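What follows is a set of notes on a single structure, which appears directly below.
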Amino acid sequence: MKIQKEQVVDFNKKEIDSHNESFDFLANKLSKNGHDVNSIVSKLAEFQVAIPSWALGAGGTRFGRFGFYGEPSNLEEKIDDIGVLHSLTQTAGAVSLHIPWDIPSDYAAIKEKADALGIKFDAVNSNTFQDQKDAAETYKYGSLSNLSQAVREQAIQHNLDVIKIGDKLGSKALTVWLADGSCFPGQNNFQTAFQNTQNSLIDIYKGLPDDWSMLVEYKPYEPNFYSTVIQDWGASLMLANGCGDKAYTLVDLGHHLPNSNIEQIVSILQLKGKLGGFHFNDSKYGDDDLTVGSIKPYALFLIFNELVYGMENNPQNPDLAWMIDASHNVKDPLEDLIQSLEAIQEAYAKALLIDQKALKVAQLDNDVVKCQEILQGAYRTDVRPLLEKARLNAGGVLSPINAYRSLDVRGQLIKERGKHTVATGL
Ligand code: PSV
Ligand code: MN
Ligand code: MN
């Protein structure tokens with residue numbers, strides 16, 4: 001299934017009048033308030049978010065999995081699905097692979113396919129949270145932190161292998177997320193587990209090509225429910241610092257205890273030049289992996305405010321590896337991802353509308369009310385016409401969900417792949 005340019009053009013014809021009307025109205029208002037609308041639209045068009053190869057099928061929970069018809073069952077088909085997302089939205093120009101779930105059988109062919117669809121290979125993810133077939137050692141009691149040297153060596157070697165695979169595809173970052181930890185007090189010695197993890201990460205870091213970075217993801221619980229070795233940004237930052245300049249912290253929105261001030265975390269990490277990657281999703285309770293912006297859109301906006309500030313004021317921080325890390329239990333995965341991409345762009349656009357100069361003045365005056373008015377004035381603006389314009393300029397459709405449905409993409413996928421397919425890596 002490939003979306004053709006003519007289909008995009010035809011679809012946009014139906015909505016262009018209404019788009020022009022709402023865009024002109026908004027652009028006029030924003031320009032009068034001193035905003036550079038063209039620059040906002042180009043920033044939106046440039047912003048690309050990687051789609052993880054494991055999010056294109058139904059995810060499921062430990063209580064069961066309800067498949068979604070026409071799911072991709074190999075890497076080629078996953079790339080095709082991202083191609084659909086990218087053709088419609090023009091914001092999904094990258095894929096993040098999970099190894100060994102997605103080892104290419106033919107590197108040249110997969111690269112060629114991705115290139116043709118305008119998709120780059122973003123960070124590669126290692127997997128030491130599952131035992132692999134025929135593996136000599138088990139990760140039941142941890143991987144990089146394990147008390148057994150043989151287990152640690154196997155896990156280190158796996159990460160080095162992942163780097164090699166990513167390198168062949170043009171990736172420039174390795175993301176390490178560990179399930180390591182303990183389920184019960186006393187099970188682990190915290191210091192030994194942390195020290196083993198640090199030493200293992202240093203060994204992996206030594207195998208990192210010069211132009212690569214290592215992203216260390218943290219998570220407070222699950223699958224271990226008493227402790228995880230890399231439980232928070234402090235642990236991640238210490239480990240990254242212990243490795244070197246090319247190691248960074250990766251923030252996943254779902255990996256925080258309730259009410260954590262994530263915007264403050266990303267802000268300070270950027271100040272220190274140590275925020276390397278970002279996983280988008282949303283949650284009500286824990287690592288729920290729900291559609292971005294579906295539960296706490298204001299929190300997402302406040303986080304984007306800090307990200308925008310950091311992108312503009314912290315040259316010491318690298319460009320971030322952006323990725324959606326969501327799972328879909330009841331929605332069509334592609335529709336869910338389209339909604340997430342839209343929510344990300346919306347929060348970004350609203351953050352770009354914050355008058356930073358006026359905010360600074362209000363802060364200096366200790367005018368707390370004014371500070372809030374400035375933030376909420378931006379948040380309350382309906383920025384969707386700006387998103388439409390960015391997509392239109394880039395060759396995408398004005399409204400991706402409408403287009404996806406009117407082109408009956410899922411129906412086509414079912415026709416091509418059959419009903420009872422299961423996405424790999426789930
Ligand atoms: C597990 O929590 C997780 O969702 C992490 O967020 C990783 O990024 C992802 O799996 C893939 O390893
Ligand atoms: Mn994640
Ligand atoms: Mn997660």
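Labels for the structure tokens follow display order: chains A, B, ..., residues from 1 in each chain, ligands from 1.
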Kindly provide the residues of chain A that approach ligand 1 to within 10 Å, each paired with its closest atom pair and their distance in Å to one decimal, based on only C-alpha atoms and all ligand atoms, listed by chain and increasing number, as a Markdown table.
```
| residue | atom | partner | partner_atom_place_in_ligand_line | distance |
| --- | --- | --- | --- | --- |
| A:Pro52 | CA | ligand 1 | 11 (C) | 8.3 |
| A:Ser53 | CA | ligand 1 | 11 (C) | 9.7 |
| A:Trp54 | CA | ligand 1 | 11 (C) | 8.1 |
| A:Ala55 | CA | ligand 1 | 11 (C) | 9.8 |
| A:Ser96 | CA | ligand 1 | 11 (C) | 9.6 |
| A:Leu97 | CA | ligand 1 | 11 (C) | 9.3 |
| A:His98 | CA | ligand 1 | 12 (O) | 7.0 |
| A:Ile99 | CA | ligand 1 | 12 (O) | 9.3 |
| A:Val124 | CA | ligand 1 | 12 (O) | 9.6 |
| A:Asn125 | CA | ligand 1 | 12 (O) | 6.2 |
| A:Ser126 | CA | ligand 1 | 12 (O) | 7.0 |
| A:Asn127 | CA | ligand 1 | 12 (O) | 6.4 |
| A:Thr128 | CA | ligand 1 | 12 (O) | 8.9 |
| A:Phe129 | CA | ligand 1 | 12 (O) | 8.3 |
| A:Thr175 | CA | ligand 1 | 8 (O) | 7.7 |
| A:Val176 | CA | ligand 1 | 12 (O) | 7.6 |
| A:Trp177 | CA | ligand 1 | 7 (C) | 5.6 |
| A:Leu178 | CA | ligand 1 | 12 (O) | 7.8 |
| A:Ala179 | CA | ligand 1 | 1 (C) | 7.7 |
| A:Val216 | CA | ligand 1 | 8 (O) | 9.7 |
| A:Glu217 | CA | ligand 1 | 8 (O) | 6.9 |
| A:Tyr218 | CA | ligand 1 | 6 (O) | 8.2 |
| A:Lys219 | CA | ligand 1 | 2 (O) | 7.0 |
| A:Pro220 | CA | ligand 1 | 2 (O) | 9.6 |
| A:Tyr221 | CA | ligand 1 | 2 (O) | 8.8 |
| A:Glu222 | CA | ligand 1 | 2 (O) | 7.2 |
| A:Pro223 | CA | ligand 1 | 2 (O) | 8.1 |
| A:Leu250 | CA | ligand 1 | 8 (O) | 9.0 |
| A:Val251 | CA | ligand 1 | 6 (O) | 9.0 |
| A:Asp252 | CA | ligand 1 | 6 (O) | 6.2 |
| A:Leu253 | CA | ligand 1 | 6 (O) | 8.8 |
| A:Gly254 | CA | ligand 1 | 6 (O) | 7.6 |
| A:His255 | CA | ligand 1 | 6 (O) | 7.2 |
| A:Phe278 | CA | ligand 1 | 8 (O) | 9.4 |
| A:His279 | CA | ligand 1 | 8 (O) | 7.1 |
| A:Phe280 | CA | ligand 1 | 6 (O) | 9.4 |
| A:Asn281 | CA | ligand 1 | 6 (O) | 9.5 |
| A:Gly286 | CA | ligand 1 | 2 (O) | 10.0 |
| A:Asp287 | CA | ligand 1 | 2 (O) | 6.6 |
| A:Asp288 | CA | ligand 1 | 4 (O) | 9.0 |
| A:Asp289 | CA | ligand 1 | 4 (O) | 7.3 |
| A:Met323 | CA | ligand 1 | 8 (O) | 9.1 |
| A:Ile324 | CA | ligand 1 | 8 (O) | 9.2 |
| A:Asp325 | CA | ligand 1 | 4 (O) | 6.2 |
| A:Ala326 | CA | ligand 1 | 4 (O) | 7.5 |
| A:Ser327 | CA | ligand 1 | 4 (O) | 8.4 |
```
Nearby residues (only C-alpha atoms) at most 8 Å from Tyr248 (chain A), same-chain spacing under 2 positions excluded, as a list of chain:residue names: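 Surrounding residues, per the criterion: A:Ser213, A:Met214, A:Leu215, A:Val216, A:Ser236, A:Leu237, A:Ala240, A:Asn241, A:Asp245, A:Lys246, A:Leu250, A:Lys274, A:Leu275, A:Gly276, A:Gly277.
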Keeping C-alpha atoms, export the residues of the selection given above as a short mmCIF file (atom, residue, chain, number, x, y, z; two decimals), in the first residue's frame.
```
data_model
loop_
_atom_site.label_atom_id
_atom_site.label_comp_id
_atom_site.auth_asym_id
_atom_site.auth_seq_id
_atom_site.Cartn_x
_atom_site.Cartn_y
_atom_site.Cartn_z
CA SER A 213 25.40 8.74 20.85
CA MET A 214 24.13 6.43 23.55
CA LEU A 215 20.73 7.19 25.06
CA VAL A 216 20.08 5.84 28.54
CA SER A 236 20.41 7.88 34.04
CA LEU A 237 22.43 11.09 34.18
CA ALA A 240 25.65 8.82 31.12
CA ASN A 241 28.24 11.01 32.82
CA ASP A 245 30.28 13.04 26.31
CA LYS A 246 28.38 10.93 23.80
CA LEU A 250 16.45 9.72 27.38
CA LYS A 274 22.48 15.96 28.56
CA LEU A 275 19.03 15.45 27.09
CA GLY A 276 19.54 13.12 24.12
CA GLY A 277 16.20 11.52 23.34
#
```
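Each of A:Val266, A:Val330, A:Ile51, A:Leu302 was checked against ligand 2 using only C-alpha atoms and all ligand atoms; the smallest atom-to-atom distance is that of A:Ile51.
The two atoms in question, CA of Gly234 (chain A) and CA of Thr197 (chain A), are spaced 14.4 Å apart.
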Using only C-alpha atoms and all ligand atoms, pick whichever of A:Lys206, A:His256, A:Lys43, A:Arg410 has the shortest atom-to-atom distance to ligand 3.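 Smallest separation from ligand 3 among the options: A:His256.
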May I ask for the distance between CA of Gln48 (chain A) and CA of Arg417 (chain A), given in Å to one decimal place?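 One can read the CA of Gln48 (chain A) to CA of Arg417 (chain A) distance as 28.0 Å.
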DSSP on the backbone: which residues in region 89-154 of chain A end up as helix (DSSP H, G or I)? Give the answer as a tab-separated table (two decimals) with C-alpha atoms, in the first residue's frame.
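Now in part.tsv:
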```tsv
chain	number	residue	atom	x	y	z
A	89	THR	CA	1.38	13.70	7.73
A	107	TYR	CA	20.15	-4.29	4.20
A	108	ALA	CA	20.43	-2.71	0.76
A	109	ALA	CA	16.82	-3.50	-0.07
A	110	ILE	CA	15.44	-2.18	3.20
A	111	LYS	CA	17.49	1.01	2.92
A	112	GLU	CA	16.31	1.50	-0.62
A	113	LYS	CA	12.69	1.07	0.43
A	114	ALA	CA	13.04	3.50	3.32
A	115	ASP	CA	14.88	6.05	1.14
A	116	ALA	CA	12.16	5.92	-1.49
A	149	GLN	CA	29.81	-11.98	34.34
A	150	ALA	CA	28.76	-14.36	31.55
A	151	VAL	CA	25.28	-12.81	31.45
A	152	ARG	CA	26.68	-9.28	31.45
A	153	GLU	CA	29.06	-10.16	28.64
A	154	GLN	CA	26.23	-11.61	26.56
```
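Backbone DSSP over region 168-310 of chain A yields strand (DSSP E or B) at Ala173, Leu174, Thr175, Val176, Gly181, Ser182, Ser213, Met214, Leu215, Val216, Glu217, Ser227, Thr228, Ala247, Tyr248, Thr249, Leu250, Val251, Asp252, Leu275, Gly276, Gly277, Phe278, His279, Phe280, Asp282 and Leu290 of chain A.
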Produce a file of the selected residues containing N, CA and C atoms, as a PDB file, in the first residue's frame.
```pdb
ATOM      1  N   ALA A 173      22.393   6.476  16.791  1.00  0.00           N
ATOM      2  CA  ALA A 173      22.236   6.399  18.249  1.00  0.00           C
ATOM      3  C   ALA A 173      21.760   5.013  18.669  1.00  0.00           C
ATOM      4  N   LEU A 174      22.216   4.636  19.857  1.00  0.00           N
ATOM      5  CA  LEU A 174      21.757   3.391  20.483  1.00  0.00           C
ATOM      6  C   LEU A 174      20.932   3.770  21.711  1.00  0.00           C
ATOM      7  N   THR A 175      19.707   3.247  21.804  1.00  0.00           N
ATOM      8  CA  THR A 175      18.912   3.467  23.010  1.00  0.00           C
ATOM      9  C   THR A 175      18.951   2.210  23.868  1.00  0.00           C
ATOM     10  N   VAL A 176      19.325   2.417  25.130  1.00  0.00           N
ATOM     11  CA  VAL A 176      19.369   1.293  26.060  1.00  0.00           C
ATOM     12  C   VAL A 176      18.266   1.481  27.098  1.00  0.00           C
ATOM     13  N   GLY A 181      16.265  -4.988  37.579  1.00  0.00           N
ATOM     14  CA  GLY A 181      15.829  -4.465  38.873  1.00  0.00           C
ATOM     15  C   GLY A 181      15.480  -5.621  39.783  1.00  0.00           C
ATOM     16  N   SER A 182      14.625  -5.338  40.755  1.00  0.00           N
ATOM     17  CA  SER A 182      14.234  -6.424  41.663  1.00  0.00           C
ATOM     18  C   SER A 182      12.755  -6.334  41.986  1.00  0.00           C
ATOM     19  N   SER A 213      25.629   8.477  19.435  1.00  0.00           N
ATOM     20  CA  SER A 213      25.400   8.736  20.848  1.00  0.00           C
ATOM     21  C   SER A 213      24.701   7.537  21.484  1.00  0.00           C
ATOM     22  N   MET A 214      24.813   7.490  22.794  1.00  0.00           N
ATOM     23  CA  MET A 214      24.129   6.428  23.553  1.00  0.00           C
ATOM     24  C   MET A 214      23.063   7.098  24.417  1.00  0.00           C
ATOM     25  N   LEU A 215      21.840   6.587  24.326  1.00  0.00           N
ATOM     26  CA  LEU A 215      20.734   7.186  25.064  1.00  0.00           C
ATOM     27  C   LEU A 215      20.317   6.228  26.176  1.00  0.00           C
ATOM     28  N   VAL A 216      20.376   6.700  27.389  1.00  0.00           N
ATOM     29  CA  VAL A 216      20.078   5.835  28.539  1.00  0.00           C
ATOM     30  C   VAL A 216      18.690   6.174  29.067  1.00  0.00           C
ATOM     31  N   GLU A 217      17.773   5.221  28.883  1.00  0.00           N
ATOM     32  CA  GLU A 217      16.372   5.449  29.262  1.00  0.00           C
ATOM     33  C   GLU A 217      16.145   4.992  30.702  1.00  0.00           C
ATOM     34  N   SER A 227      12.195  -2.398  42.548  1.00  0.00           N
ATOM     35  CA  SER A 227      13.200  -1.408  42.156  1.00  0.00           C
ATOM     36  C   SER A 227      13.629  -1.662  40.721  1.00  0.00           C
ATOM     37  N   THR A 228      13.986  -0.596  40.027  1.00  0.00           N
ATOM     38  CA  THR A 228      14.678  -0.785  38.756  1.00  0.00           C
ATOM     39  C   THR A 228      16.054  -0.148  38.914  1.00  0.00           C
ATOM     40  N   ALA A 247      27.155  10.120  25.735  1.00  0.00           N
ATOM     41  CA  ALA A 247      26.051   9.413  26.410  1.00  0.00           C
ATOM     42  C   ALA A 247      25.104  10.436  27.022  1.00  0.00           C
ATOM     43  N   TYR A 248      23.821  10.195  26.844  1.00  0.00           N
ATOM     44  CA  TYR A 248      22.794  11.160  27.258  1.00  0.00           C
ATOM     45  C   TYR A 248      21.644  10.453  27.953  1.00  0.00           C
ATOM     46  N   THR A 249      20.814  11.256  28.587  1.00  0.00           N
ATOM     47  CA  THR A 249      19.595  10.738  29.198  1.00  0.00           C
ATOM     48  C   THR A 249      18.466  10.768  28.180  1.00  0.00           C
ATOM     49  N   LEU A 250      17.640   9.739  28.222  1.00  0.00           N
ATOM     50  CA  LEU A 250      16.445   9.723  27.378  1.00  0.00           C
ATOM     51  C   LEU A 250      15.220   9.770  28.283  1.00  0.00           C
ATOM     52  N   VAL A 251      14.335  10.717  27.990  1.00  0.00           N
ATOM     53  CA  VAL A 251      13.108  10.871  28.782  1.00  0.00           C
ATOM     54  C   VAL A 251      11.943  10.236  28.028  1.00  0.00           C
ATOM     55  N   ASP A 252      11.252   9.309  28.687  1.00  0.00           N
ATOM     56  CA  ASP A 252      10.008   8.751  28.143  1.00  0.00           C
ATOM     57  C   ASP A 252       8.894   9.285  29.040  1.00  0.00           C
ATOM     58  N   LEU A 275      20.277  16.070  27.539  1.00  0.00           N
ATOM     59  CA  LEU A 275      19.028  15.446  27.086  1.00  0.00           C
ATOM     60  C   LEU A 275      19.239  14.969  25.648  1.00  0.00           C
ATOM     61  N   GLY A 276      19.213  13.652  25.450  1.00  0.00           N
ATOM     62  CA  GLY A 276      19.537  13.123  24.123  1.00  0.00           C
ATOM     63  C   GLY A 276      18.337  12.612  23.348  1.00  0.00           C
ATOM     64  N   GLY A 277      17.336  12.114  24.053  1.00  0.00           N
ATOM     65  CA  GLY A 277      16.203  11.524  23.335  1.00  0.00           C
ATOM     66  C   GLY A 277      14.918  11.697  24.109  1.00  0.00           C
ATOM     67  N   PHE A 278      13.837  11.502  23.398  1.00  0.00           N
ATOM     68  CA  PHE A 278      12.531  11.783  23.982  1.00  0.00           C
ATOM     69  C   PHE A 278      11.501  10.826  23.418  1.00  0.00           C
ATOM     70  N   HIS A 279      10.787  10.127  24.298  1.00  0.00           N
ATOM     71  CA  HIS A 279       9.714   9.225  23.850  1.00  0.00           C
ATOM     72  C   HIS A 279       8.366   9.816  24.230  1.00  0.00           C
ATOM     73  N   PHE A 280       7.519  10.009  23.242  1.00  0.00           N
ATOM     74  CA  PHE A 280       6.184  10.564  23.468  1.00  0.00           C
ATOM     75  C   PHE A 280       5.160   9.461  23.696  1.00  0.00           C
ATOM     76  N   ASP A 282       1.184   9.034  26.349  1.00  0.00           N
ATOM     77  CA  ASP A 282       0.445   9.678  27.432  1.00  0.00           C
ATOM     78  C   ASP A 282      -0.024   8.609  28.397  1.00  0.00           C
ATOM     79  N   LEU A 290      -0.383   5.426  26.077  1.00  0.00           N
ATOM     80  CA  LEU A 290      -1.582   5.853  25.344  1.00  0.00           C
ATOM     81  C   LEU A 290      -1.232   6.915  24.300  1.00  0.00           C
TER      82      LEU A 290
END
```
Among A:Asn317, A:Ala347, A:Gln376, A:Ile103, Gln270 (chain A) is approached most closely, using only C-alpha atoms, by A:Asn317
If we count only C-alpha atoms and set the cut-off at 9 Å, which residues sit around Lys272 (chain A), ignoring sequence neighbours fewer than 3 positions away in its own chain? Please answer as a list in words.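 Using only C-alpha atoms, the neighbours found are Ser267, Ile268, Leu269, Leu275, Asn314, Gln316 and Asn317 of chain A.
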Can you write out the residues you just picked, keeping N, CA and C atoms, as a short mmCIF file (atom, residue, chain, number, x, y, z; two decimals), in the first residue's frame?
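Output file result_13.cif is given in full below:
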```
data_model
loop_
_atom_site.label_atom_id
_atom_site.label_comp_id
_atom_site.auth_asym_id
_atom_site.auth_seq_id
_atom_site.Cartn_x
_atom_site.Cartn_y
_atom_site.Cartn_z
N SER A 267 14.06 20.51 31.22
CA SER A 267 14.70 21.81 31.21
C SER A 267 16.13 21.72 31.77
N ILE A 268 16.27 21.09 32.92
CA ILE A 268 17.59 21.05 33.56
C ILE A 268 18.55 20.14 32.78
N LEU A 269 18.02 19.06 32.21
CA LEU A 269 18.90 18.20 31.41
C LEU A 269 19.44 18.97 30.20
N LEU A 275 20.28 16.07 27.54
CA LEU A 275 19.03 15.45 27.09
C LEU A 275 19.24 14.97 25.65
N ASN A 314 19.93 26.53 24.37
CA ASN A 314 20.94 25.62 24.90
C ASN A 314 21.73 24.93 23.78
N GLN A 316 24.50 23.85 23.91
CA GLN A 316 25.29 22.76 24.50
C GLN A 316 24.55 21.43 24.45
N ASN A 317 23.23 21.49 24.20
CA ASN A 317 22.45 20.24 24.12
C ASN A 317 22.34 19.81 22.65
#
```
Nearest to ligand 2, chosen from A:His158, A:Glu312, A:Arg380, A:Trp322, with only C-alpha atoms and all ligand atoms counted in the distances: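 With only C-alpha atoms and all ligand atoms as the atom set, the closest residue is A:Trp322.
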Between A:Glu137, A:Met1, A:Leu398, A:Asn189, single out the one closest to Asp80 (chain A), counting only C-alpha atoms.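 Nearest to Asp80 (chain A): A:Met1.
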Ile374 (chain A): which residues within 7 Å, counting only C-alpha atoms, same-chain residues fewer than 5 positions away excluded, as a PyMOL selection string? chain A and resi 354-355+359
In Å to one decimal, how far is CA of Ala45 (chain A) from CA of Val308 (chain A)? 15.1 Å
Polymer residues at most 12 Å from Leu413 (chain A), only C-alpha atoms, same-chain spacing of 5 or more positions, as a PyMOL selection string: chain A and resi 1-3+68-73+77-78+80-81+84+332+334+404+407-408+418-421
With distances taken over only C-alpha atoms and all ligand atoms, which of A:Ser283, A:Ala193, A:Lys120, A:Val41 is nearest to ligand 3?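 Answer, going by the shortest atom-to-atom distance: A:Ser283.
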